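Accompanying notes for the structure given below.
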Amino acid sequence: MPKGAKSISCNWIFKKKYHLDGLIKKYKTRLVAKGFSQKPNIDYFDTFGPVTRISFIQVLLALASIHRLVIHQMDVKTTLLNGELEEEIYMTQPEGCVAPGQEEKVCKLLKSLYGLKQPPKQ
């Protein structure tokens with residue numbers, strides 16, 4: 001890690017998905033950064049997430065209807081994880097993934113990760 005930089009820690013989140021009859025369907029895991037340790041104007045500068053007003057969507061739907069256009073809807077579930085980070089963020093190695101003799105190494109994050117303050121803006 002570069003001198004003067006600080007790393008944030010991370011945590012594993014484990015979940016079980018169940019069938020309707022109560023049997024376990026699959027196990028899921030997610031790596032989450034502990035972004036609550038980030039300080040504003042030091043570790044991140046802006047957390048603005050772009051949103052739109054419902055009236056704008058209504059106008060677009062009305063125009064599409066008037067001009068008989070086809071409308072498609074799309075939802076991307078991993079959109080939060082695809083944003084590239086502008087700041088240099090270092091994270092400690094996840095528990096269970098630390099190689100012997102390399103405990104002091106850290107991970108440099110290039111893309112967003114759950115728990116960080118920046119992803120909604122990215």
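Identifiers in this document derive from the order of the structure tokens: chains are assigned A, B, ..., residues are numbered from 1 separately in each chain, and ligands are numbered from 1 in order of occurrence.
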
Could you tell me, as a count of residues only, which residues of chain A DSSP assigns to strand (DSSP E) when given the backbone? 36

List the neighbours of range 13-19 of chain A out to 10 Å using only C-alpha atoms; skip same-chain residues closer than 3 positions along the sequence, and give me the result as a list in words.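 Returned residues: Cys10, Gly22, Leu23, Ile24, Lys25, Lys26, Tyr27, Lys28, Thr29, Arg30, Leu31 and Val32 of chain A.
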
If I take CA of Gln93 in chain A and CA of Lys117 in chain A, how far is one from the other in Å, to one decimal?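 A separation of 19.1 Å between them.
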
Min atom-atom distance to Trp12 in chain A from the set A:Cys97, A:Leu80, A:Val70, A:Val106, counting only C-alpha atoms, belongs to A:Cys97

For Met91 in chain A, which of A:Ile54, A:Val59, A:Leu20, A:Met1 is the closest residue, counting only C-alpha atoms?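 Checking each candidate against Met91 in chain A, we get A:Met1 as the closest.
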
Can you tell me, as a PyMOL selection string, what residues are no more than 10 Å from Ile89 in chain A when counting only C-alpha atoms, ignoring any on the same chain fewer than 5 positions away? chain A and resi 5-8+38+43-44+106-112+116

Grab the CA of Glu84 in chain A to CA of Tyr114 in chain A distance for me, in Å with one decimal place. 13.0 Å

Which of A:Gln102, A:Ser55, A:Glu88, A:Pro94 sits closest to Gly4 in chain A [using only C-alpha atoms]: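 Smallest distance to Gly4 in chain A is found for A:Glu88.
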
Calculate how many Å separate CA of Thr92 in chain A from CA of Lys34 in chain A, rounding to one decimal.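 Taking CA of Thr92 in chain A and CA of Lys34 in chain A, their separation equals 10.3 Å.
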
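If you measure from each of A:Tyr90, A:Gly115, A:Asp75, A:Ser65 to Lys3 in chain A using only C-alpha atoms, the closest one turns out to be A:Tyr90.
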